[in-house]
file query.pdb (PDB, C-alpha atoms, pLDDT in the B column)
ATOM      1  CA  MET A   1     -30.103  -4.536  -3.758  1.00 73.00           C
ATOM      2  CA  ALA A   2     -28.904  -1.240  -2.252  1.00 93.00           C
ATOM      3  CA  ILE A   3     -25.224  -0.630  -1.528  1.00 97.00           C
ATOM      4  CA  ARG A   4     -24.352  -0.503   2.203  1.00 97.00           C
ATOM      5  CA  LEU A   5     -20.543  -0.853   2.097  1.00 98.00           C
ATOM      6  CA  VAL A   6     -17.969   0.621  -0.308  1.00 98.00           C
ATOM      7  CA  CYS A   7     -14.511  -0.978  -0.210  1.00 98.00           C
ATOM      8  CA  SER A   8     -11.577   0.514  -2.087  1.00 98.00           C
ATOM      9  CA  ASP A   9      -7.955  -0.365  -2.596  1.00 97.00           C
ATOM     10  CA  ILE A  10      -5.609   2.594  -2.070  1.00 95.00           C
ATOM     11  CA  ASP A  11      -2.350   2.513  -4.037  1.00 91.00           C
ATOM     12  CA  GLY A  12      -3.090   2.411  -7.750  1.00 92.00           C
ATOM     13  CA  THR A  13      -6.814   2.907  -7.153  1.00 95.00           C
ATOM     14  CA  LEU A  14      -7.599   5.897  -4.917  1.00 95.00           C
ATOM     15  CA  LEU A  15      -3.985   7.059  -4.979  1.00 93.00           C
ATOM     16  CA  GLN A  16      -2.741   7.011  -8.563  1.00 85.00           C
ATOM     17  CA  TYR A  17       0.413   8.263 -10.289  1.00 73.00           C
ATOM     18  CA  GLY A  18       2.537   8.285  -7.121  1.00 73.00           C
ATOM     19  CA  LYS A  19       0.277  10.642  -5.158  1.00 81.00           C
ATOM     20  CA  LYS A  20       0.807  10.699  -1.398  1.00 82.00           C
ATOM     21  CA  GLU A  21      -2.378  12.420  -0.224  1.00 88.00           C
ATOM     22  CA  LEU A  22      -6.037  11.988  -1.097  1.00 91.00           C
ATOM     23  CA  GLU A  23      -7.917  14.809  -2.773  1.00 81.00           C
ATOM     24  CA  GLY A  24     -10.822  16.549  -1.109  1.00 80.00           C
ATOM     25  CA  GLU A  25     -13.569  15.040  -3.260  1.00 93.00           C
ATOM     26  CA  ILE A  26     -13.327  11.556  -1.746  1.00 96.00           C
ATOM     27  CA  PHE A  27     -13.669  12.955   1.784  1.00 97.00           C
ATOM     28  CA  GLU A  28     -16.909  14.741   0.929  1.00 97.00           C
ATOM     29  CA  GLN A  29     -18.171  11.614  -0.823  1.00 98.00           C
ATOM     30  CA  ILE A  30     -17.440   9.511   2.285  1.00 98.00           C
ATOM     31  CA  ARG A  31     -19.409  12.003   4.387  1.00 97.00           C
ATOM     32  CA  GLN A  32     -22.310  11.829   1.940  1.00 97.00           C
ATOM     33  CA  LEU A  33     -22.168   8.039   1.935  1.00 98.00           C
ATOM     34  CA  HIS A  34     -22.311   8.078   5.742  1.00 97.00           C
ATOM     35  CA  ARG A  35     -25.405  10.290   5.681  1.00 97.00           C
ATOM     36  CA  ARG A  36     -27.042   7.657   3.452  1.00 96.00           C
ATOM     37  CA  GLY A  37     -26.116   4.854   5.827  1.00 96.00           C
ATOM     38  CA  ILE A  38     -23.266   3.565   3.611  1.00 97.00           C
ATOM     39  CA  LEU A  39     -19.949   2.722   5.281  1.00 97.00           C
ATOM     40  CA  PHE A  40     -16.614   3.306   3.547  1.00 98.00           C
ATOM     41  CA  CYS A  41     -13.816   0.754   3.890  1.00 98.00           C
ATOM     42  CA  PRO A  42     -10.229   1.509   2.816  1.00 98.00           C
ATOM     43  CA  ALA A  43      -8.798  -1.920   1.915  1.00 97.00           C
ATOM     44  CA  SER A  44      -5.035  -2.025   1.649  1.00 93.00           C
ATOM     45  CA  GLY A  45      -1.775  -3.774   2.370  1.00 87.00           C
ATOM     46  CA  ARG A  46      -0.925  -0.717   4.460  1.00 89.00           C
ATOM     47  CA  GLN A  47      -1.063  -0.818   8.245  1.00 89.00           C
ATOM     48  CA  TYR A  48      -3.652   0.977  10.349  1.00 93.00           C
ATOM     49  CA  THR A  49      -1.373   3.915  11.274  1.00 90.00           C
ATOM     50  CA  SER A  50      -0.925   4.796   7.603  1.00 89.00           C
ATOM     51  CA  LEU A  51      -4.588   4.359   6.669  1.00 94.00           C
ATOM     52  CA  ARG A  52      -5.877   6.242   9.723  1.00 94.00           C
ATOM     53  CA  ARG A  53      -3.631   9.207   8.865  1.00 93.00           C
ATOM     54  CA  LEU A  54      -4.635   9.119   5.197  1.00 94.00           C
ATOM     55  CA  PHE A  55      -8.359   9.211   6.051  1.00 96.00           C
ATOM     56  CA  ALA A  56      -8.086  11.366   9.198  1.00 95.00           C
ATOM     57  CA  PRO A  57     -10.831  13.867   8.200  1.00 96.00           C
ATOM     58  CA  VAL A  58     -13.415  11.054   7.866  1.00 97.00           C
ATOM     59  CA  ALA A  59     -11.956   8.218   9.963  1.00 96.00           C
ATOM     60  CA  GLU A  60     -15.058   8.019  12.150  1.00 96.00           C
ATOM     61  CA  HIS A  61     -17.074   7.064   9.051  1.00 96.00           C
ATOM     62  CA  CYS A  62     -14.713   4.240   8.015  1.00 97.00           C
ATOM     63  CA  VAL A  63     -13.894   0.663   8.821  1.00 97.00           C
ATOM     64  CA  PHE A  64     -10.249  -0.098   7.967  1.00 97.00           C
ATOM     65  CA  LEU A  65      -9.205  -3.325   6.266  1.00 96.00           C
ATOM     66  CA  CYS A  66      -5.438  -3.323   6.865  1.00 93.00           C
ATOM     67  CA  GLU A  67      -2.550  -5.629   5.904  1.00 88.00           C
ATOM     68  CA  ASN A  68      -4.614  -7.125   3.047  1.00 88.00           C
ATOM     69  CA  GLY A  69      -7.239  -8.360   5.513  1.00 91.00           C
ATOM     70  CA  GLY A  70      -4.836  -9.406   8.247  1.00 89.00           C
ATOM     71  CA  VAL A  71      -6.118  -6.714  10.638  1.00 91.00           C
ATOM     72  CA  ILE A  72      -9.457  -4.844  10.727  1.00 94.00           C
ATOM     73  CA  TYR A  73     -10.081  -1.666  12.727  1.00 95.00           C
ATOM     74  CA  LYS A  74     -13.237   0.271  13.521  1.00 94.00           C
ATOM     75  CA  ASP A  75     -13.672   3.139  15.991  1.00 94.00           C
ATOM     76  CA  GLU A  76      -9.953   2.938  16.923  1.00 92.00           C
ATOM     77  CA  GLN A  77     -10.313  -0.713  17.969  1.00 93.00           C
ATOM     78  CA  CYS A  78      -8.969  -3.870  16.330  1.00 91.00           C
ATOM     79  CA  ILE A  79     -12.124  -5.915  15.707  1.00 89.00           C
ATOM     80  CA  ALA A  80     -10.489  -8.857  13.891  1.00 86.00           C
ATOM     81  CA  LYS A  81      -7.085 -10.205  12.901  1.00 84.00           C
ATOM     82  CA  ASN A  82      -5.813 -13.255  11.066  1.00 85.00           C
ATOM     83  CA  PRO A  83      -2.145 -13.936  11.893  1.00 91.00           C
ATOM     84  CA  MET A  84       0.080 -16.333   9.954  1.00 94.00           C
ATOM     85  CA  PRO A  85       1.497 -19.496  11.542  1.00 95.00           C
ATOM     86  CA  ARG A  86       4.697 -18.244  13.119  1.00 96.00           C
ATOM     87  CA  ALA A  87       7.103 -20.862  11.756  1.00 97.00           C
ATOM     88  CA  LEU A  88       5.747 -20.436   8.237  1.00 97.00           C
ATOM     89  CA  ALA A  89       6.000 -16.636   8.385  1.00 98.00           C
ATOM     90  CA  GLU A  90       9.640 -16.858   9.468  1.00 98.00           C
ATOM     91  CA  GLU A  91      10.421 -19.426   6.750  1.00 98.00           C
ATOM     92  CA  ILE A  92       8.872 -17.235   4.038  1.00 98.00           C
ATOM     93  CA  ALA A  93      10.730 -14.163   5.276  1.00 98.00           C
ATOM     94  CA  MET A  94      14.095 -15.931   5.136  1.00 98.00           C
ATOM     95  CA  ASP A  95      13.329 -17.431   1.732  1.00 98.00           C
ATOM     96  CA  MET A  96      12.464 -14.020   0.308  1.00 98.00           C
ATOM     97  CA  TRP A  97      15.577 -12.522   1.877  1.00 98.00           C
ATOM     98  CA  THR A  98      18.012 -15.170   0.662  1.00 98.00           C
ATOM     99  CA  ARG A  99      16.533 -15.970  -2.771  1.00 97.00           C
ATOM    100  CA  SER A 100      16.039 -12.425  -4.062  1.00 97.00           C
ATOM    101  CA  ASP A 101      19.601 -12.150  -5.405  1.00 96.00           C
ATOM    102  CA  GLY A 102      20.484  -9.368  -2.985  1.00 97.00           C
ATOM    103  CA  GLN A 103      17.817  -7.219  -4.663  1.00 96.00           C
ATOM    104  CA  GLY A 104      14.963  -7.834  -2.202  1.00 98.00           C
ATOM    105  CA  GLU A 105      14.117  -6.358   1.191  1.00 98.00           C
ATOM    106  CA  VAL A 106      11.625  -7.992   3.558  1.00 98.00           C
ATOM    107  CA  MET A 107       8.825  -6.491   5.638  1.00 97.00           C
ATOM    108  CA  LEU A 108       7.033  -8.458   8.352  1.00 97.00           C
ATOM    109  CA  SER A 109       3.798  -6.860   9.527  1.00 94.00           C
ATOM    110  CA  GLY A 110       2.433  -6.971  13.058  1.00 93.00           C
ATOM    111  CA  GLN A 111      -0.844  -5.481  14.231  1.00 88.00           C
ATOM    112  CA  ASN A 112       0.399  -1.925  13.802  1.00 87.00           C
ATOM    113  CA  THR A 113       4.167  -2.102  13.261  1.00 94.00           C
ATOM    114  CA  ALA A 114       6.203  -2.944  10.162  1.00 94.00           C
ATOM    115  CA  TYR A 115       9.396  -4.875  10.960  1.00 98.00           C
ATOM    116  CA  LEU A 116      11.993  -4.245   8.240  1.00 98.00           C
ATOM    117  CA  MET A 117      14.901  -6.370   7.057  1.00 98.00           C
ATOM    118  CA  GLU A 118      16.458  -3.799   4.758  1.00 97.00           C
ATOM    119  CA  ARG A 119      19.448  -3.415   2.467  1.00 97.00           C
ATOM    120  CA  GLY A 120      19.214   0.290   1.705  1.00 97.00           C
ATOM    121  CA  LEU A 121      17.432  -0.338  -1.603  1.00 97.00           C
ATOM    122  CA  GLY A 122      14.397   1.887  -1.024  1.00 97.00           C
ATOM    123  CA  MET A 123      11.961  -0.036   1.179  1.00 97.00           C
ATOM    124  CA  LEU A 124      12.634   2.128   4.238  1.00 97.00           C
ATOM    125  CA  LYS A 125      11.951   5.306   2.259  1.00 95.00           C
ATOM    126  CA  ARG A 126       8.727   3.781   0.904  1.00 91.00           C
ATOM    127  CA  VAL A 127       7.553   2.818   4.394  1.00 92.00           C
ATOM    128  CA  GLN A 128       8.345   6.319   5.645  1.00 92.00           C
ATOM    129  CA  PHE A 129       6.526   7.776   2.621  1.00 86.00           C
ATOM    130  CA  VAL A 130       3.254   5.996   3.437  1.00 83.00           C
ATOM    131  CA  GLY A 131       3.562   6.818   7.145  1.00 84.00           C
ATOM    132  CA  ASN A 132       3.886   3.351   8.667  1.00 87.00           C
ATOM    133  CA  HIS A 133       5.174   2.797  12.170  1.00 92.00           C
ATOM    134  CA  TYR A 134       8.289   0.644  11.746  1.00 96.00           C
ATOM    135  CA  LYS A 135      11.277  -1.001  13.417  1.00 97.00           C
ATOM    136  CA  ILE A 136      14.500  -2.235  11.807  1.00 98.00           C
ATOM    137  CA  ILE A 137      15.316  -5.901  12.531  1.00 98.00           C
ATOM    138  CA  HIS A 138      17.929  -8.398  11.356  1.00 97.00           C
ATOM    139  CA  SER A 139      15.970 -11.646  11.763  1.00 98.00           C
ATOM    140  CA  PRO A 140      12.279 -12.647  11.748  1.00 98.00           C
ATOM    141  CA  ARG A 141      12.827 -14.066  15.239  1.00 98.00           C
ATOM    142  CA  GLU A 142      13.083 -10.479  16.510  1.00 98.00           C
ATOM    143  CA  VAL A 143       9.409  -9.764  15.774  1.00 98.00           C
ATOM    144  CA  PRO A 144       7.794  -9.717  19.256  1.00 97.00           C
ATOM    145  CA  GLU A 145       4.171 -10.234  18.180  1.00 95.00           C
ATOM    146  CA  PRO A 146       2.021 -12.331  15.814  1.00 94.00           C
ATOM    147  CA  ILE A 147       2.908 -11.775  12.141  1.00 96.00           C
ATOM    148  CA  THR A 148      -0.004 -10.954   9.844  1.00 92.00           C
ATOM    149  CA  LYS A 149       1.876 -10.490   6.544  1.00 92.00           C
ATOM    150  CA  VAL A 150       5.307 -11.063   4.991  1.00 96.00           C
ATOM    151  CA  SER A 151       6.271  -9.012   1.932  1.00 96.00           C
ATOM    152  CA  VAL A 152       9.297  -8.664  -0.287  1.00 98.00           C
ATOM    153  CA  TYR A 153      10.179  -5.274  -1.799  1.00 98.00           C
ATOM    154  CA  LEU A 154      11.995  -5.615  -5.128  1.00 98.00           C
ATOM    155  CA  HIS A 155      13.404  -2.240  -6.101  1.00 96.00           C
ATOM    156  CA  GLN A 156      13.998  -3.275  -9.725  1.00 96.00           C
ATOM    157  CA  GLY A 157      10.462  -4.665 -10.124  1.00 96.00           C
ATOM    158  CA  VAL A 158       8.714  -7.964  -9.431  1.00 96.00           C
ATOM    159  CA  GLU A 159       8.880  -9.326 -12.985  1.00 94.00           C
ATOM    160  CA  GLY A 160      11.851 -11.638 -12.491  1.00 93.00           C
ATOM    161  CA  TYR A 161      10.607 -12.971  -9.148  1.00 97.00           C
ATOM    162  CA  VAL A 162       6.916 -13.796  -9.590  1.00 96.00           C
ATOM    163  CA  ASP A 163       7.568 -17.375 -10.751  1.00 97.00           C
ATOM    164  CA  ARG A 164      10.170 -17.786  -8.012  1.00 97.00           C
ATOM    165  CA  PHE A 165       7.936 -16.884  -5.074  1.00 98.00           C
ATOM    166  CA  VAL A 166       4.230 -17.034  -6.014  1.00 96.00           C
ATOM    167  CA  PRO A 167       3.962 -20.795  -6.759  1.00 97.00           C
ATOM    168  CA  ARG A 168       6.278 -21.711  -3.864  1.00 97.00           C
ATOM    169  CA  TRP A 169       4.163 -19.882  -1.280  1.00 97.00           C
ATOM    170  CA  LYS A 170       0.710 -20.487  -2.718  1.00 93.00           C
ATOM    171  CA  GLU A 171      -0.421 -21.821   0.683  1.00 93.00           C
ATOM    172  CA  ALA A 172       0.166 -18.303   2.050  1.00 94.00           C
ATOM    173  CA  ASN A 173      -1.842 -16.559  -0.699  1.00 87.00           C
ATOM    174  CA  CYS A 174       1.349 -15.233  -2.308  1.00 92.00           C
ATOM    175  CA  ALA A 175       0.421 -12.540  -4.831  1.00 87.00           C
ATOM    176  CA  VAL A 176       1.802  -9.528  -6.656  1.00 89.00           C
ATOM    177  CA  ALA A 177       0.713  -6.427  -4.725  1.00 86.00           C
ATOM    178  CA  GLY A 178       2.149  -3.761  -7.034  1.00 85.00           C
ATOM    179  CA  PRO A 179       5.086  -3.194  -9.361  1.00 91.00           C
ATOM    180  CA  LEU A 180       7.610  -3.504  -6.500  1.00 95.00           C
ATOM    181  CA  TRP A 181       5.901  -5.782  -3.946  1.00 95.00           C
ATOM    182  CA  ILE A 182       4.991  -9.442  -3.506  1.00 95.00           C
ATOM    183  CA  ASP A 183       2.876 -10.261  -0.427  1.00 93.00           C
ATOM    184  CA  THR A 184       2.087 -13.371   1.566  1.00 94.00           C
ATOM    185  CA  THR A 185      -0.595 -13.655   4.239  1.00 90.00           C
ATOM    186  CA  PHE A 186      -3.088 -16.195   5.525  1.00 90.00           C
ATOM    187  CA  ALA A 187      -5.718 -13.523   5.131  1.00 88.00           C
ATOM    188  CA  ASN A 188      -6.747 -11.726   1.965  1.00 89.00           C
ATOM    189  CA  LYS A 189      -8.965  -8.778   1.166  1.00 93.00           C
ATOM    190  CA  GLY A 190     -11.870 -11.094   0.421  1.00 95.00           C
ATOM    191  CA  MET A 191     -11.633 -12.621   3.899  1.00 92.00           C
ATOM    192  CA  GLY A 192     -11.419  -9.118   5.306  1.00 93.00           C
ATOM    193  CA  VAL A 193     -14.564  -8.001   3.489  1.00 96.00           C
ATOM    194  CA  ARG A 194     -16.403 -11.097   4.708  1.00 95.00           C
ATOM    195  CA  SER A 195     -15.290 -10.379   8.285  1.00 91.00           C
ATOM    196  CA  VAL A 196     -16.538  -6.796   8.036  1.00 94.00           C
ATOM    197  CA  CYS A 197     -19.875  -7.911   6.594  1.00 95.00           C
ATOM    198  CA  ARG A 198     -20.312 -10.647   9.202  1.00 93.00           C
ATOM    199  CA  THR A 199     -19.515  -8.260  12.050  1.00 89.00           C
ATOM    200  CA  LEU A 200     -21.752  -5.441  10.808  1.00 91.00           C
ATOM    201  CA  GLY A 201     -24.631  -7.481   9.385  1.00 94.00           C
ATOM    202  CA  ILE A 202     -24.084  -6.532   5.745  1.00 96.00           C
ATOM    203  CA  GLU A 203     -24.731  -8.872   2.815  1.00 97.00           C
ATOM    204  CA  LEU A 204     -21.951  -9.351   0.276  1.00 98.00           C
ATOM    205  CA  GLU A 205     -24.432  -8.384  -2.439  1.00 97.00           C
ATOM    206  CA  GLU A 206     -24.600  -4.965  -0.753  1.00 98.00           C
ATOM    207  CA  VAL A 207     -20.856  -4.338  -1.247  1.00 98.00           C
ATOM    208  CA  MET A 208     -19.286  -2.169  -3.965  1.00 98.00           C
ATOM    209  CA  ALA A 209     -15.529  -2.655  -4.371  1.00 98.00           C
ATOM    210  CA  PHE A 210     -12.701  -1.033  -6.339  1.00 98.00           C
ATOM    211  CA  GLY A 211      -9.291  -2.520  -7.123  1.00 97.00           C
ATOM    212  CA  ASP A 212      -6.455  -2.492  -9.636  1.00 95.00           C
ATOM    213  CA  ASN A 213      -4.204  -5.476  -8.937  1.00 91.00           C
ATOM    214  CA  TYR A 214      -4.140  -9.215  -8.362  1.00 89.00           C
ATOM    215  CA  ASN A 215      -4.200  -8.916  -4.577  1.00 87.00           C
ATOM    216  CA  ASP A 216      -7.612  -7.228  -4.986  1.00 94.00           C
ATOM    217  CA  VAL A 217      -9.181 -10.228  -6.767  1.00 95.00           C
ATOM    218  CA  SER A 218     -10.529 -11.935  -3.645  1.00 94.00           C
ATOM    219  CA  MET A 219     -12.213  -8.667  -2.585  1.00 97.00           C
ATOM    220  CA  LEU A 220     -13.636  -8.037  -6.035  1.00 98.00           C
ATOM    221  CA  ASP A 221     -14.925 -11.610  -6.240  1.00 98.00           C
ATOM    222  CA  ALA A 222     -16.630 -11.264  -2.858  1.00 97.00           C
ATOM    223  CA  ALA A 223     -18.366  -7.971  -3.672  1.00 98.00           C
ATOM    224  CA  GLY A 224     -21.738  -7.773  -5.329  1.00 97.00           C
ATOM    225  CA  MET A 225     -20.603  -4.844  -7.480  1.00 98.00           C
ATOM    226  CA  PRO A 226     -16.861  -5.020  -8.317  1.00 98.00           C
ATOM    227  CA  TYR A 227     -15.053  -2.343 -10.347  1.00 98.00           C
ATOM    228  CA  ILE A 228     -11.602  -2.701 -11.880  1.00 98.00           C
ATOM    229  CA  MET A 229      -9.467   0.323 -12.710  1.00 97.00           C
ATOM    230  CA  ASP A 230      -8.874   1.196 -16.368  1.00 96.00           C
ATOM    231  CA  SER A 231      -5.146   1.015 -15.592  1.00 93.00           C
ATOM    232  CA  ALA A 232      -5.281  -2.639 -14.457  1.00 94.00           C
ATOM    233  CA  ALA A 233      -3.621  -5.494 -16.338  1.00 93.00           C
ATOM    234  CA  ALA A 234      -5.544  -6.818 -19.344  1.00 96.00           C
ATOM    235  CA  PRO A 235      -6.550 -10.146 -17.701  1.00 96.00           C
ATOM    236  CA  LEU A 236      -8.156  -8.250 -14.833  1.00 96.00           C
ATOM    237  CA  ARG A 237      -9.997  -5.899 -17.176  1.00 96.00           C
ATOM    238  CA  GLU A 238     -11.302  -8.948 -19.026  1.00 97.00           C
ATOM    239  CA  LYS A 239     -12.405 -10.659 -15.805  1.00 97.00           C
ATOM    240  CA  TYR A 240     -14.529  -7.762 -14.496  1.00 97.00           C
ATOM    241  CA  PRO A 241     -17.017  -6.026 -16.797  1.00 96.00           C
ATOM    242  CA  LEU A 242     -17.304  -2.828 -14.722  1.00 97.00           C
ATOM    243  CA  HIS A 243     -14.365  -0.459 -15.387  1.00 97.00           C
ATOM    244  CA  THR A 244     -13.589   3.062 -14.205  1.00 97.00           C
ATOM    245  CA  PRO A 245     -10.612   5.448 -14.272  1.00 96.00           C
ATOM    246  CA  ARG A 246     -11.384   6.638 -10.719  1.00 95.00           C
ATOM    247  CA  PRO A 247     -13.596   5.393  -7.843  1.00 97.00           C
ATOM    248  CA  GLU A 248     -14.749   8.971  -7.321  1.00 96.00           C
ATOM    249  CA  ASP A 249     -16.480   8.926 -10.724  1.00 96.00           C
ATOM    250  CA  VAL A 250     -18.582   5.911  -9.752  1.00 97.00           C
ATOM    251  CA  LEU A 251     -19.329   7.254  -6.280  1.00 97.00           C
ATOM    252  CA  ARG A 252     -20.434  10.565  -7.742  1.00 96.00           C
ATOM    253  CA  GLN A 253     -23.004   8.714  -9.854  1.00 95.00           C
ATOM    254  CA  LEU A 254     -24.082   6.541  -6.887  1.00 95.00           C
ATOM    255  CA  LEU A 255     -24.706   9.628  -4.773  1.00 96.00           C
ATOM    256  CA  GLN A 256     -26.753  11.258  -7.556  1.00 92.00           C
ATOM    257  CA  ASP A 257     -29.130   8.294  -7.850  1.00 81.00           C
TER
END
call {"tool": "encode", "arguments": {"input": "query.pdb", "output": "structure tokens"}}
result
Amino acid sequence: MAIRLVCSDIDGTLLQYGKKELEGEIFEQIRQLHRRGILFCPASGRQYTSLRRLFAPVAEHCVFLCENGGVIYKDEQCIAKNPMPRALAEEIAMDMWTRSDGQGEVMLSGQNTAYLMERGLGMLKRVQFVGNHYKIIHSPREVPEPITKVSVYLHQGVEGYVDRFVPRWKEANCAVAGPLWIDTTFANKGMGVRSVCRTLGIELEEVMAFGDNYNDVSMLDAAGMPYIMDSAAAPLREKYPLHTPRPEDVLRQLLQD
């Protein structure tokens, strides 16, 4: 079956080794995909403002899966969102704040604003680095809109906190989202991909997907052709037979066929 949708994680997948900006090759590939009737979907824990800026040269050819599937944008419009139950989101935020030994900072995500409970440990700089729209708060009750995701930023790394938070908040799809982040949301990238396919009339078998971390698993499992990055953890490389160092390498071959 032909590919009609290409979904890709960003940090650790399209943006590797701490890079802030995409290289020109992926933009030309997205244009070529569009000419072949294939839509490109950035799929990330980032908010729409950050993703739209990152893909500005080709944004009209993309559908954006934001906040790990919590919000989906196409043609500058929010076409779907999956907020968390409010009381649960606030409970998770306070748990992550109080049980991270003073080493964690909390981000609550709205439709297009990141609300930050910060301690000066680096989360604010990271949010500014990726270009998110943000507001500093002191309590989850200050968030004036539905909450789509709650994350904890652990500046010394997630290793000592995975067992503390992931099992406790399993009902909220708690998962490691990178070396410094643990996310919770009622959505996930797999739900986001299914929403995109349902809305646009695309079969899951027609989806190619790229990811590098555990919060990409639901997307990779949903896609007919999932690729894991060579840099991913060993269990993920064992789970998915298709490996690549860069999505661009696979897309280059797809566009040559």
call {"tool": "closest_residue", "arguments": {"input": "query.pdb", "among": "A:Ala89, A:Leu116, A:Cys66, A:Ala209", "to": "Cys174 (chain A)", "atoms": "only C-alpha atoms"}}
result
A:Ala89
call {"tool": "closest_residue", "arguments": {"input": "query.pdb", "among": "A:Leu33, A:Thr199, A:His155, A:Gln103", "to": "Lys125 (chain A)", "atoms": "only C-alpha atoms"}}
result
A:His155
call {"tool": "closest_residue", "arguments": {"input": "query.pdb", "among": "A:Ala93, A:Met229, A:Leu121, A:Met84", "to": "Pro146 (chain A)", "atoms": "all atoms listed in the file"}}
result
A:Met84
call {"tool": "resolve_selection", "arguments": {"input": "query.pdb", "expression": "the PyMOL selection byres ((chain A and resi 40-51) around 6)", "output": "PyMOL selection string"}}
result
chain A and resi 5-10+39+52-54+62-68+112+131-132
call {"tool": "closest_residue", "arguments": {"input": "query.pdb", "among": "A:Gly24, A:Gly211, A:Pro83, A:Gly12", "to": "Pro57 (chain A)", "atoms": "only C-alpha atoms"}}
result
A:Gly24
call {"tool": "residues_around", "arguments": {"input": "query.pdb", "residues": "Ala175 (chain A)", "least_positions_apart": "5", "cutoff": "9 Å", "atoms": "only C-alpha atoms", "output": "list in words"}}
result
Val162, Phe165, Val166, Trp169, Lys170, Trp181, Ile182, Asp183, Thr184, Tyr214 and Asn215 of chain A
call {"tool": "closest_atom_pairs", "arguments": {"input": "query.pdb", "of": "region 151-225 of chain A", "to": "region 73-81 of chain A", "cutoff": "10 Å", "atoms": "only C-alpha atoms", "output": "Markdown table"}}
result
| residue | atom | partner | partner_atom | distance |
| --- | --- | --- | --- | --- |
| A:Ala187 | CA | A:Lys81 | CA | 8.6 |
| A:Gly192 | CA | A:Ala80 | CA | 8.6 |
| A:Ser195 | CA | A:Ala80 | CA | 7.5 |
| A:Val196 | CA | A:Ala80 | CA | 8.7 |
| A:Thr199 | CA | A:Ile79 | CA | 8.6 |
call {"tool": "resolve_selection", "arguments": {"input": "query.pdb", "expression": "the PyMOL selection byres ((chain A and resi 248) around 8)", "output": "ChimeraX atom specification"}}
result
/A:25-26,29,246-247,249-252
call {"tool": "atom_distance", "arguments": {"input": "query.pdb", "atom1": "CA of Leu242 (chain A)", "atom2": "CA of Pro179 (chain A)"}}
result
23.0 Å
call {"tool": "closest_residue", "arguments": {"input": "query.pdb", "among": "A:Leu255, A:Met107, A:Glu91, A:Lys239", "to": "His34 (chain A)", "atoms": "all atoms listed in the file"}}
result
A:Leu255
call {"tool": "decode", "arguments": {"input": "query.pdb", "residues": "region 66-76 of chain A", "atoms": "N, CA, C and O atoms", "output": "PDB file, in the first residue's frame"}}
result
ATOM      1  N   CYS A  66       0.551  18.176  17.999  1.00  0.00           N
ATOM      2  CA  CYS A  66       1.221  18.914  19.066  1.00  0.00           C
ATOM      3  C   CYS A  66       0.889  18.307  20.433  1.00  0.00           C
ATOM      4  O   CYS A  66      -0.099  17.586  20.583  1.00  0.00           O
ATOM      5  N   GLU A  67       1.714  18.638  21.432  1.00  0.00           N
ATOM      6  CA  GLU A  67       1.474  18.202  22.809  1.00  0.00           C
ATOM      7  C   GLU A  67       1.235  16.699  22.883  1.00  0.00           C
ATOM      8  O   GLU A  67       0.338  16.218  23.574  1.00  0.00           O
ATOM      9  N   ASN A  68       2.044  15.929  22.148  1.00  0.00           N
ATOM     10  CA  ASN A  68       1.948  14.465  22.129  1.00  0.00           C
ATOM     11  C   ASN A  68       0.550  13.968  21.758  1.00  0.00           C
ATOM     12  O   ASN A  68       0.085  12.945  22.266  1.00  0.00           O
ATOM     13  N   GLY A  69      -0.122  14.686  20.864  1.00  0.00           N
ATOM     14  CA  GLY A  69      -1.452  14.283  20.427  1.00  0.00           C
ATOM     15  C   GLY A  69      -2.572  15.008  21.119  1.00  0.00           C
ATOM     16  O   GLY A  69      -3.740  14.798  20.787  1.00  0.00           O
ATOM     17  N   GLY A  70      -2.236  15.878  22.073  1.00  0.00           N
ATOM     18  CA  GLY A  70      -3.268  16.620  22.790  1.00  0.00           C
ATOM     19  C   GLY A  70      -3.955  17.670  21.939  1.00  0.00           C
ATOM     20  O   GLY A  70      -5.127  17.995  22.165  1.00  0.00           O
ATOM     21  N   VAL A  71      -3.247  18.204  20.937  1.00  0.00           N
ATOM     22  CA  VAL A  71      -3.788  19.247  20.062  1.00  0.00           C
ATOM     23  C   VAL A  71      -3.297  18.986  18.641  1.00  0.00           C
ATOM     24  O   VAL A  71      -2.121  18.683  18.434  1.00  0.00           O
ATOM     25  N   ILE A  72      -4.189  19.108  17.657  1.00  0.00           N
ATOM     26  CA  ILE A  72      -3.824  18.908  16.249  1.00  0.00           C
ATOM     27  C   ILE A  72      -4.244  20.139  15.453  1.00  0.00           C
ATOM     28  O   ILE A  72      -5.386  20.609  15.572  1.00  0.00           O
ATOM     29  N   TYR A  73      -3.306  20.651  14.651  1.00  0.00           N
ATOM     30  CA  TYR A  73      -3.549  21.838  13.834  1.00  0.00           C
ATOM     31  C   TYR A  73      -3.345  21.514  12.359  1.00  0.00           C
ATOM     32  O   TYR A  73      -2.444  20.757  11.993  1.00  0.00           O
ATOM     33  N   LYS A  74      -4.186  22.118  11.535  1.00  0.00           N
ATOM     34  CA  LYS A  74      -3.993  22.102  10.083  1.00  0.00           C
ATOM     35  C   LYS A  74      -4.542  23.405   9.518  1.00  0.00           C
ATOM     36  O   LYS A  74      -5.621  23.845   9.910  1.00  0.00           O
ATOM     37  N   ASP A  75      -3.778  24.002   8.590  1.00  0.00           N
ATOM     38  CA  ASP A  75      -4.184  25.260   7.959  1.00  0.00           C
ATOM     39  C   ASP A  75      -4.513  26.323   9.009  1.00  0.00           C
ATOM     40  O   ASP A  75      -5.527  27.023   8.921  1.00  0.00           O
ATOM     41  N   GLU A  76      -3.651  26.425  10.039  1.00  0.00           N
ATOM     42  CA  GLU A  76      -3.748  27.431  11.096  1.00  0.00           C
ATOM     43  C   GLU A  76      -4.944  27.235  12.025  1.00  0.00           C
ATOM     44  O   GLU A  76      -5.218  28.084  12.883  1.00  0.00           O
TER      45      GLU A  76
END
